[in-house]
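Coordinates as given in input_15.cif (mmCIF, C-alpha atoms and all ligand atoms):
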```cif
data_run
loop_
_atom_site.group_PDB
_atom_site.id
_atom_site.type_symbol
_atom_site.label_atom_id
_atom_site.label_comp_id
_atom_site.auth_asym_id
_atom_site.auth_seq_id
_atom_site.Cartn_x
_atom_site.Cartn_y
_atom_site.Cartn_z
ATOM 1 C CA MET A 1 -9.814 -13.384 11.204
ATOM 2 C CA PRO A 2 -7.253 -15.229 13.316
ATOM 3 C CA HIS A 3 -3.827 -13.682 13.845
ATOM 4 C CA HIS A 4 -1.610 -13.636 10.763
ATOM 5 C CA SER A 5 -4.386 -14.934 8.583
ATOM 6 C CA ARG A 6 -4.656 -13.918 4.994
ATOM 7 C CA PHE A 7 -6.898 -12.349 2.416
ATOM 8 C CA VAL A 8 -6.311 -13.430 -1.172
ATOM 9 C CA ALA A 9 -7.826 -12.053 -4.371
ATOM 10 C CA ASP A 10 -7.231 -12.984 -8.000
ATOM 11 C CA LEU A 11 -7.137 -9.884 -10.168
ATOM 12 C CA ALA A 12 -7.667 -10.574 -13.857
ATOM 13 C CA ASP A 13 -6.897 -7.060 -15.030
ATOM 14 C CA GLU A 14 -6.205 -3.523 -13.896
ATOM 15 C CA ALA A 15 -9.917 -2.890 -13.345
ATOM 16 C CA ALA A 16 -9.943 -5.771 -10.855
ATOM 17 C CA THR A 17 -6.989 -4.227 -9.007
ATOM 18 C CA LEU A 18 -8.846 -0.920 -8.768
ATOM 19 C CA ALA A 19 -11.982 -2.721 -7.608
ATOM 20 C CA VAL A 20 -10.258 -4.648 -4.828
ATOM 21 C CA ALA A 21 -8.693 -1.376 -3.688
ATOM 22 C CA GLY A 22 -12.192 -0.031 -3.216
ATOM 23 C CA ARG A 23 -12.865 -2.934 -0.904
ATOM 24 C CA LEU A 24 -9.603 -2.616 1.032
ATOM 25 C CA VAL A 25 -10.028 1.091 1.615
ATOM 26 C CA GLN A 26 -13.307 0.554 3.435
ATOM 27 C CA ALA A 27 -11.470 -1.549 6.010
ATOM 28 C CA MET A 28 -8.498 0.778 6.515
ATOM 29 C CA GLN A 29 -8.266 2.841 9.679
ATOM 30 C CA PRO A 30 -6.156 5.860 10.635
ATOM 31 C CA GLY A 31 -2.569 4.982 11.453
ATOM 32 C CA LEU A 32 -2.504 1.813 9.365
ATOM 33 C CA VAL A 33 0.960 1.021 8.002
ATOM 34 C CA VAL A 34 0.869 -0.983 4.770
ATOM 35 C CA TYR A 35 3.934 -2.513 3.147
ATOM 36 C CA LEU A 36 3.417 -3.039 -0.589
ATOM 37 C CA GLN A 37 5.535 -5.906 -1.889
ATOM 38 C CA GLY A 38 5.987 -7.143 -5.438
ATOM 39 C CA ASP A 39 8.240 -6.743 -8.458
ATOM 40 C CA LEU A 40 8.419 -3.673 -10.674
ATOM 41 C CA GLY A 41 5.159 -3.505 -12.589
ATOM 42 C CA ALA A 42 3.334 -5.820 -10.200
ATOM 43 C CA GLY A 43 0.670 -3.185 -9.580
ATOM 44 C CA LYS A 44 1.607 -1.558 -6.255
ATOM 45 C CA THR A 45 1.119 1.989 -7.472
ATOM 46 C CA THR A 46 -2.043 0.972 -9.321
ATOM 47 C CA LEU A 47 -3.419 -0.311 -6.025
ATOM 48 C CA VAL A 48 -2.623 2.991 -4.300
ATOM 49 C CA ARG A 49 -4.366 4.831 -7.148
ATOM 50 C CA GLY A 50 -7.375 2.592 -6.562
ATOM 51 C CA LEU A 51 -7.468 3.361 -2.842
ATOM 52 C CA LEU A 52 -7.455 7.109 -3.408
ATOM 53 C CA ARG A 53 -9.870 6.979 -6.354
ATOM 54 C CA ALA A 54 -12.290 4.918 -4.273
ATOM 55 C CA LEU A 55 -12.364 7.786 -1.773
ATOM 56 C CA GLY A 56 -13.201 10.208 -4.542
ATOM 57 C CA TYR A 57 -9.758 11.626 -5.257
ATOM 58 C CA ALA A 58 -9.848 12.851 -8.849
ATOM 59 C CA GLY A 59 -6.289 14.164 -9.206
ATOM 60 C CA ARG A 60 -3.275 12.371 -10.548
ATOM 61 C CA VAL A 61 -1.707 9.631 -8.460
ATOM 62 C CA LYS A 62 1.843 9.524 -9.698
ATOM 63 C CA SER A 63 4.546 7.207 -8.552
ATOM 64 C CA PRO A 64 6.894 8.959 -6.093
ATOM 65 C CA THR A 65 9.828 7.361 -7.873
ATOM 66 C CA TYR A 66 12.146 10.358 -7.457
ATOM 67 C CA THR A 67 10.504 12.269 -4.636
ATOM 68 C CA LEU A 68 10.137 9.054 -2.564
ATOM 69 C CA LEU A 69 6.971 10.497 -0.969
ATOM 70 C CA GLU A 70 3.642 11.825 -2.186
ATOM 71 C CA SER A 71 1.135 13.052 0.404
ATOM 72 C CA TYR A 72 -2.620 13.192 -0.010
ATOM 73 C CA SER A 73 -5.502 14.544 2.012
ATOM 74 C CA VAL A 74 -8.628 12.738 0.872
ATOM 75 C CA ALA A 75 -12.052 12.323 2.451
ATOM 76 C CA GLY A 76 -10.789 13.654 5.783
ATOM 77 C CA ARG A 77 -7.898 11.230 5.905
ATOM 78 C CA GLU A 78 -4.178 11.801 5.465
ATOM 79 C CA TRP A 79 -2.129 9.467 3.303
ATOM 80 C CA ALA A 80 1.602 9.100 2.760
ATOM 81 C CA HIS A 81 2.618 7.077 -0.301
ATOM 82 C CA PHE A 82 6.278 6.077 -0.442
ATOM 83 C CA ASP A 83 8.276 4.464 -3.212
ATOM 84 C CA LEU A 84 11.694 3.711 -1.728
ATOM 85 C CA TYR A 85 13.056 1.898 -4.789
ATOM 86 C CA ARG A 86 15.668 4.568 -5.438
ATOM 87 C CA MET A 87 16.768 4.980 -1.851
ATOM 88 C CA GLN A 88 20.476 4.219 -1.687
ATOM 89 C CA ASP A 89 20.830 3.902 2.050
ATOM 90 C CA ALA A 90 18.259 3.027 4.720
ATOM 91 C CA GLU A 91 19.481 5.975 6.821
ATOM 92 C CA GLU A 92 17.914 8.311 4.253
ATOM 93 C CA TRP A 93 14.576 7.495 5.884
ATOM 94 C CA ASP A 94 15.528 9.433 8.995
ATOM 95 C CA ALA A 95 17.616 12.014 7.136
ATOM 96 C CA ALA A 96 14.570 12.937 5.035
ATOM 97 C CA GLY A 97 12.433 13.329 8.162
ATOM 98 C CA PHE A 98 10.116 10.521 7.108
ATOM 99 C CA ARG A 99 9.896 9.323 10.696
ATOM 100 C CA ASP A 100 7.532 12.268 11.312
ATOM 101 C CA GLU A 101 5.069 10.866 8.762
ATOM 102 C CA PHE A 102 4.362 8.040 11.174
ATOM 103 C CA ASP A 103 2.097 9.924 13.561
ATOM 104 C CA GLY A 104 -0.542 7.336 14.356
ATOM 105 C CA THR A 105 -3.192 8.975 12.187
ATOM 106 C CA LYS A 106 -1.745 9.038 8.688
ATOM 107 C CA ILE A 107 -2.145 5.913 6.604
ATOM 108 C CA LEU A 108 1.261 4.890 5.264
ATOM 109 C CA LEU A 109 1.550 3.010 1.973
ATOM 110 C CA ILE A 110 5.146 1.927 1.398
ATOM 111 C CA GLU A 111 6.523 0.426 -1.810
ATOM 112 C CA TRP A 112 9.958 -1.254 -1.474
ATOM 113 C CA PRO A 113 9.965 -1.210 2.355
ATOM 114 C CA ASP A 114 13.078 -3.403 2.416
ATOM 115 C CA LYS A 115 15.076 -0.365 1.257
ATOM 116 C CA ALA A 116 14.571 1.223 4.682
ATOM 117 C CA ALA A 117 14.731 -1.933 6.748
ATOM 118 C CA GLY A 118 15.380 -1.163 10.396
ATOM 119 C CA TYR A 119 13.990 2.376 10.112
ATOM 120 C CA LEU A 120 10.378 1.874 9.135
ATOM 121 C CA PRO A 121 7.510 1.463 11.551
ATOM 122 C CA PRO A 122 6.365 -2.153 11.567
ATOM 123 C CA ALA A 123 3.685 -3.182 9.083
ATOM 124 C CA ASP A 124 0.080 -3.651 10.125
ATOM 125 C CA TRP A 125 -0.644 -5.126 6.708
ATOM 126 C CA VAL A 126 1.739 -6.653 4.221
ATOM 127 C CA VAL A 127 0.155 -6.646 0.771
ATOM 128 C CA THR A 128 1.966 -8.620 -1.911
ATOM 129 C CA LEU A 129 1.136 -8.474 -5.616
ATOM 130 C CA VAL A 130 2.247 -11.465 -7.625
ATOM 131 C CA ARG A 131 2.282 -11.676 -11.413
ATOM 132 C CA MET A 132 0.247 -14.590 -12.706
ATOM 133 C CA ASP A 133 0.090 -15.960 -16.261
ATOM 134 C CA GLU A 134 -2.711 -13.495 -16.710
ATOM 135 C CA GLY A 135 -3.359 -10.761 -14.217
ATOM 136 C CA ARG A 136 -2.135 -10.655 -10.656
ATOM 137 C CA GLN A 137 -2.826 -12.211 -7.299
ATOM 138 C CA LEU A 138 -3.104 -10.007 -4.219
ATOM 139 C CA GLN A 139 -2.130 -11.528 -0.896
ATOM 140 C CA LEU A 140 -2.726 -9.617 2.326
ATOM 141 C CA VAL A 141 -1.366 -10.631 5.706
ATOM 142 C CA ALA A 142 -2.229 -8.825 8.942
ATOM 143 C CA GLN A 143 0.729 -8.461 11.280
ATOM 144 C CA SER A 144 -0.547 -6.476 14.240
ATOM 145 C CA GLU A 145 -3.618 -5.962 16.358
ATOM 146 C CA LEU A 146 -4.672 -2.946 14.271
ATOM 147 C CA GLY A 147 -3.976 -4.959 11.149
ATOM 148 C CA GLU A 148 -6.196 -7.737 12.461
ATOM 149 C CA ILE A 149 -9.028 -5.339 13.279
ATOM 150 C CA CYS A 150 -8.885 -3.878 9.776
ATOM 151 C CA GLY A 151 -8.442 -7.349 8.305
ATOM 152 C CA HIS A 152 -11.538 -8.516 10.100
ATOM 153 C CA ALA A 153 -13.517 -5.660 8.544
ATOM 154 C CA LEU A 154 -12.322 -6.911 5.180
ATOM 155 C CA GLN A 155 -13.880 -10.320 5.653
ATOM 156 C CA SER A 156 -17.334 -9.021 6.453
HETATM 157 N N1 LIG B 1 -4.571 -7.148 -12.085
HETATM 158 C C1 LIG B 1 -3.833 -6.729 -13.110
HETATM 159 N N2 LIG B 1 -3.672 -7.490 -14.204
HETATM 160 C C2 LIG B 1 -2.912 -7.074 -15.240
HETATM 161 N N3 LIG B 1 -2.252 -5.902 -15.276
HETATM 162 C C3 LIG B 1 -2.374 -5.101 -14.214
HETATM 163 C C4 LIG B 1 -3.159 -5.472 -13.083
HETATM 164 N N4 LIG B 1 -3.079 -4.474 -12.175
HETATM 165 C C5 LIG B 1 -2.276 -3.542 -12.714
HETATM 166 N N5 LIG B 1 -1.850 -3.895 -13.926
HETATM 167 C C6 LIG B 1 -0.936 -3.189 -14.839
HETATM 168 O O1 LIG B 1 0.381 -3.476 -14.413
HETATM 169 C C7 LIG B 1 1.162 -2.300 -14.367
HETATM 170 C C8 LIG B 1 1.499 -2.026 -12.927
HETATM 171 O O2 LIG B 1 2.242 -0.852 -12.820
HETATM 172 P P1 LIG B 1 2.475 -0.188 -11.397
HETATM 173 O O3 LIG B 1 1.195 -0.123 -10.658
HETATM 174 O O4 LIG B 1 3.204 1.079 -11.635
HETATM 175 O O5 LIG B 1 3.415 -1.278 -10.692
HETATM 176 P P2 LIG B 1 4.425 -1.145 -9.473
HETATM 177 O O6 LIG B 1 4.055 0.089 -8.690
HETATM 178 O O7 LIG B 1 4.230 -2.414 -8.696
HETATM 179 O O8 LIG B 1 5.806 -1.056 -10.067
HETATM 180 C C9 LIG B 1 0.326 -1.212 -14.985
HETATM 181 O O9 LIG B 1 0.646 -1.149 -16.358
HETATM 182 C C10 LIG B 1 -1.110 -1.701 -14.785
HETATM 183 O O10 LIG B 1 -1.980 -1.284 -15.789
HETATM 184 MG MG MG B 2 5.205 1.687 -8.059
#
```

Representation of the structure as structure tokens:
Amino acid sequence: MPHHSRFVADLADEAATLAVAGRLVQAMQPGLVVYLQGDLGAGKTTLVRGLLRALGYAGRVKSPTYTLLESYSVAGREWAHFDLYRMQDAEEWDAAGFRDEFDGTKILLIEWPDKAAGYLPPADWVVTLVRMDEGRQLQLVAQSELGEICGHALQS
């Protein structure tokens, strides 16, 4: 997978989103920072649910709409799922202590990363969900060396 190359998947329905998550999760390594882009209802949280379910997590995966952060410990890996939609000011990222979540081992999944622009760690993967006439299209771009390594695992 050459630098900044892409992975694209057409997802006809929610089951397809959950299925592609099962494929992505196999390629994800500790410390990976994933920005989740796409409109409200595009399927960002559904994708996160799919990642955790694929690892055997049976509990609820709720959107951290008000808490901004939900943490999970699944299959020996730590996950931090952010939804920054309701963040008023990018400085809240530091004020909330979220900087400490970026420890090189946790996998960070960040919805609405633009809300904390300038404060977030850079993305290894940018995953964008686009609404199609029917279903969604997932577009993944690797943006770092770690992102490329994980992206390469995705191709094989
Ligand atoms: N591939 C898909 N095709 C059609 N609908 C989907 C697909 N993936 C998810 N959905 C549906 O779209 C909605 C996405 O909601 P959600 O995951 O909360 O979006 P977001 O977090 O991006 O705001 C859910 O109702 C889900 O069932
Ligand atoms: Mg969401």

>> Can you translate the PyMOL selection byres (((chain A and resi 52) around 12) and not hetatm) into the concrete residues it hits in this file, as a PyMOL selection string?
In response: chain A and resi 18-19+21-26+28+45-51+53-62+71-81+107+109

What would the file look like if the residues just selected were written as a JSON list (two decimals), keeping the file's coordinate frame with C-alpha atoms?
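Everything below was put into result_5.json:
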```json
[["chain", "number", "residue", "atom", "x", "y", "z"],
["A", 18, "LEU", "CA", -8.85, -0.92, -8.77],
["A", 19, "ALA", "CA", -11.98, -2.72, -7.61],
["A", 21, "ALA", "CA", -8.69, -1.38, -3.69],
["A", 22, "GLY", "CA", -12.19, -0.03, -3.22],
["A", 23, "ARG", "CA", -12.86, -2.93, -0.90],
["A", 24, "LEU", "CA", -9.60, -2.62, 1.03],
["A", 25, "VAL", "CA", -10.03, 1.09, 1.62],
["A", 26, "GLN", "CA", -13.31, 0.55, 3.44],
["A", 28, "MET", "CA", -8.50, 0.78, 6.52],
["A", 45, "THR", "CA", 1.12, 1.99, -7.47],
["A", 46, "THR", "CA", -2.04, 0.97, -9.32],
["A", 47, "LEU", "CA", -3.42, -0.31, -6.02],
["A", 48, "VAL", "CA", -2.62, 2.99, -4.30],
["A", 49, "ARG", "CA", -4.37, 4.83, -7.15],
["A", 50, "GLY", "CA", -7.38, 2.59, -6.56],
["A", 51, "LEU", "CA", -7.47, 3.36, -2.84],
["A", 53, "ARG", "CA", -9.87, 6.98, -6.35],
["A", 54, "ALA", "CA", -12.29, 4.92, -4.27],
["A", 55, "LEU", "CA", -12.36, 7.79, -1.77],
["A", 56, "GLY", "CA", -13.20, 10.21, -4.54],
["A", 57, "TYR", "CA", -9.76, 11.63, -5.26],
["A", 58, "ALA", "CA", -9.85, 12.85, -8.85],
["A", 59, "GLY", "CA", -6.29, 14.16, -9.21],
["A", 60, "ARG", "CA", -3.28, 12.37, -10.55],
["A", 61, "VAL", "CA", -1.71, 9.63, -8.46],
["A", 62, "LYS", "CA", 1.84, 9.52, -9.70],
["A", 71, "SER", "CA", 1.14, 13.05, 0.40],
["A", 72, "TYR", "CA", -2.62, 13.19, -0.01],
["A", 73, "SER", "CA", -5.50, 14.54, 2.01],
["A", 74, "VAL", "CA", -8.63, 12.74, 0.87],
["A", 75, "ALA", "CA", -12.05, 12.32, 2.45],
["A", 76, "GLY", "CA", -10.79, 13.65, 5.78],
["A", 77, "ARG", "CA", -7.90, 11.23, 5.90],
["A", 78, "GLU", "CA", -4.18, 11.80, 5.46],
["A", 79, "TRP", "CA", -2.13, 9.47, 3.30],
["A", 80, "ALA", "CA", 1.60, 9.10, 2.76],
["A", 81, "HIS", "CA", 2.62, 7.08, -0.30],
["A", 107, "ILE", "CA", -2.14, 5.91, 6.60],
["A", 109, "LEU", "CA", 1.55, 3.01, 1.97]]
```

>> Give me, as an NGL selection string, the set of residues whose atoms come within 9 Å of any atom of ligand LIG 1 (chain B), counting only C-alpha atoms and all ligand atoms.
In response: :A and (10-18 or 36-49 or 62-63 or 83 or 111 or 129 or 131-132 or 134-138)

> Could you pull the residues within 12 Å of Ser144 in chain A, counting all atoms listed in the file, minus those fewer than 6 positions along the same chain, as JSON, numbers by chain?
Replying inline: {"A": [1, 2, 3, 4, 5, 31, 32, 33, 34, 121, 122, 123, 124, 125, 126, 150, 151, 152]}

>> Selection in question (the file shown): the PyMOL selection byres (((chain A and resi 66) around 10) and not hetatm). Which residues does it include, as a list of chain:residue names?
In response: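 Selected by the PyMOL selection byres (((chain A and resi 66) around 10) and not hetatm) here: A:Ser63, A:Pro64, A:Thr65, A:Thr67, A:Leu68, A:Leu69, A:Asp83, A:Leu84, A:Tyr85, A:Arg86, A:Met87.
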
> What does the distance from CA of Ile110 in chain A to CA of Tyr35 in chain A come to in Å, to one decimal?
Replying inline: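 These atoms are spaced 4.9 Å apart.
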
> Suppose you want the space between CA of Leu146 in chain A and CA of Ala96 in chain A; what is it in Å?
Replying inline: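 That distance, rounded to one decimal, is 26.6 Å.
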
> By how many Å are CA of Tyr119 in chain A and CA of Arg99 in chain A apart?
Replying inline: 8.1 Å

> Pick from A:Ala153, A:Trp112, A:Thr105, A:Val127: nearest to ligand MG 2 (chain B), with all atoms listed in the file counted?
Replying inline: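 Checking each candidate against ligand MG 2 (chain B), we get A:Trp112 as the closest.
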
>> Restricting the calculation to all atoms listed in the file: of A:Asp114, A:Leu108, A:Leu120, A:Gln139, which residue gets closest to Trp93 in chain A?
In response: A:Leu120

> Of the residues A:Gln155, A:Pro113, A:Asp94, A:Gly104, which is the one nearest to ligand MG 2 (chain B), using all atoms listed in the file?
Replying inline: A:Pro113

> Smallest atom-to-atom distance to ligand MG 2 (chain B): which of A:Asp103, A:Ala9, A:Gly147, A:Phe82, using all atoms listed in the file?
Replying inline: A:Phe82

>> With distances taken over only C-alpha atoms and all ligand atoms, which residue among A:Phe102, A:Ala95, A:Glu70, A:Arg6 lies nearest ligand MG 2 (chain B)?
In response: A:Glu70

> What residues come out when you apply the PyMOL selection byres (((chain A and resi 90) around 8) and not hetatm) to this file, written as an NGL selection string?
Replying inline: :A and (87-89 or 91-93 or 115-119)

Produce a file of the selected residues containing C-alpha atoms, as an mmCIF file, in the frame of the given file.
```cif
data_model
loop_
_atom_site.group_PDB
_atom_site.id
_atom_site.type_symbol
_atom_site.label_atom_id
_atom_site.label_comp_id
_atom_site.auth_asym_id
_atom_site.auth_seq_id
_atom_site.Cartn_x
_atom_site.Cartn_y
_atom_site.Cartn_z
ATOM 1 C CA MET A 87 16.768 4.980 -1.851
ATOM 2 C CA GLN A 88 20.476 4.219 -1.687
ATOM 3 C CA ASP A 89 20.830 3.902 2.050
ATOM 4 C CA GLU A 91 19.481 5.975 6.821
ATOM 5 C CA GLU A 92 17.914 8.311 4.253
ATOM 6 C CA TRP A 93 14.576 7.495 5.884
ATOM 7 C CA LYS A 115 15.076 -0.365 1.257
ATOM 8 C CA ALA A 116 14.571 1.223 4.682
ATOM 9 C CA ALA A 117 14.731 -1.933 6.748
ATOM 10 C CA GLY A 118 15.380 -1.163 10.396
ATOM 11 C CA TYR A 119 13.990 2.376 10.112
#
```

>> I'd like to know which of A:Phe7, A:Val130, A:Glu101, A:Ala27 is closest to Ala142 in chain A, using all atoms listed in the file.
In response: A:Phe7

Where's the centre, and what are the edge lengths in Å to one decimal, of a box along x, y and z enclosing all listed atoms of range 134-142 of chain A padded 4 Å per side, as lines of an AutoDock Vina configuration file?
```
center_x = -2.4
center_y = -11.2
center_z = -3.9
size_x = 10.0
size_y = 12.7
size_z = 33.7
```

Taking only C-alpha atoms, show range 100-128 of chain A of the given structure as a PDB file, in the first residue's frame.
```pdb
ATOM      1  CA  ASP A 100      -3.582  11.639  28.472  1.00  0.00           C
ATOM      2  CA  GLU A 101      -5.689   9.206  26.427  1.00  0.00           C
ATOM      3  CA  PHE A 102      -3.067   9.404  23.709  1.00  0.00           C
ATOM      4  CA  ASP A 103      -0.479   7.128  25.292  1.00  0.00           C
ATOM      5  CA  GLY A 104       0.805   5.194  22.307  1.00  0.00           C
ATOM      6  CA  THR A 105      -1.047   2.010  23.230  1.00  0.00           C
ATOM      7  CA  LYS A 106      -4.714   2.954  23.307  1.00  0.00           C
ATOM      8  CA  ILE A 107      -6.566   2.933  20.016  1.00  0.00           C
ATOM      9  CA  LEU A 108      -8.321   6.276  19.577  1.00  0.00           C
ATOM     10  CA  LEU A 109     -11.524   6.516  17.545  1.00  0.00           C
ATOM     11  CA  ILE A 110     -12.547  10.153  17.143  1.00  0.00           C
ATOM     12  CA  GLU A 111     -15.840  11.384  15.700  1.00  0.00           C
ATOM     13  CA  TRP A 112     -15.909  15.103  14.751  1.00  0.00           C
ATOM     14  CA  PRO A 113     -12.126  15.591  15.086  1.00  0.00           C
ATOM     15  CA  ASP A 114     -12.397  19.066  13.552  1.00  0.00           C
ATOM     16  CA  LYS A 115     -13.972  20.240  16.823  1.00  0.00           C
ATOM     17  CA  ALA A 116     -10.591  19.867  18.538  1.00  0.00           C
ATOM     18  CA  ALA A 117      -8.418  20.928  15.639  1.00  0.00           C
ATOM     19  CA  GLY A 118      -4.939  21.869  16.795  1.00  0.00           C
ATOM     20  CA  TYR A 119      -5.196  19.764  19.964  1.00  0.00           C
ATOM     21  CA  LEU A 120      -5.630  16.234  18.695  1.00  0.00           C
ATOM     22  CA  PRO A 121      -2.817  13.843  17.919  1.00  0.00           C
ATOM     23  CA  PRO A 122      -2.464  13.469  14.160  1.00  0.00           C
ATOM     24  CA  ALA A 123      -4.493  10.759  12.444  1.00  0.00           C
ATOM     25  CA  ASP A 124      -2.932   7.487  11.363  1.00  0.00           C
ATOM     26  CA  TRP A 125      -6.138   6.647   9.521  1.00  0.00           C
ATOM     27  CA  VAL A 126      -8.858   8.952   8.303  1.00  0.00           C
ATOM     28  CA  VAL A 127     -12.048   6.971   7.739  1.00  0.00           C
ATOM     29  CA  THR A 128     -14.858   8.786   5.958  1.00  0.00           C
TER      30      THR A 128
END
```
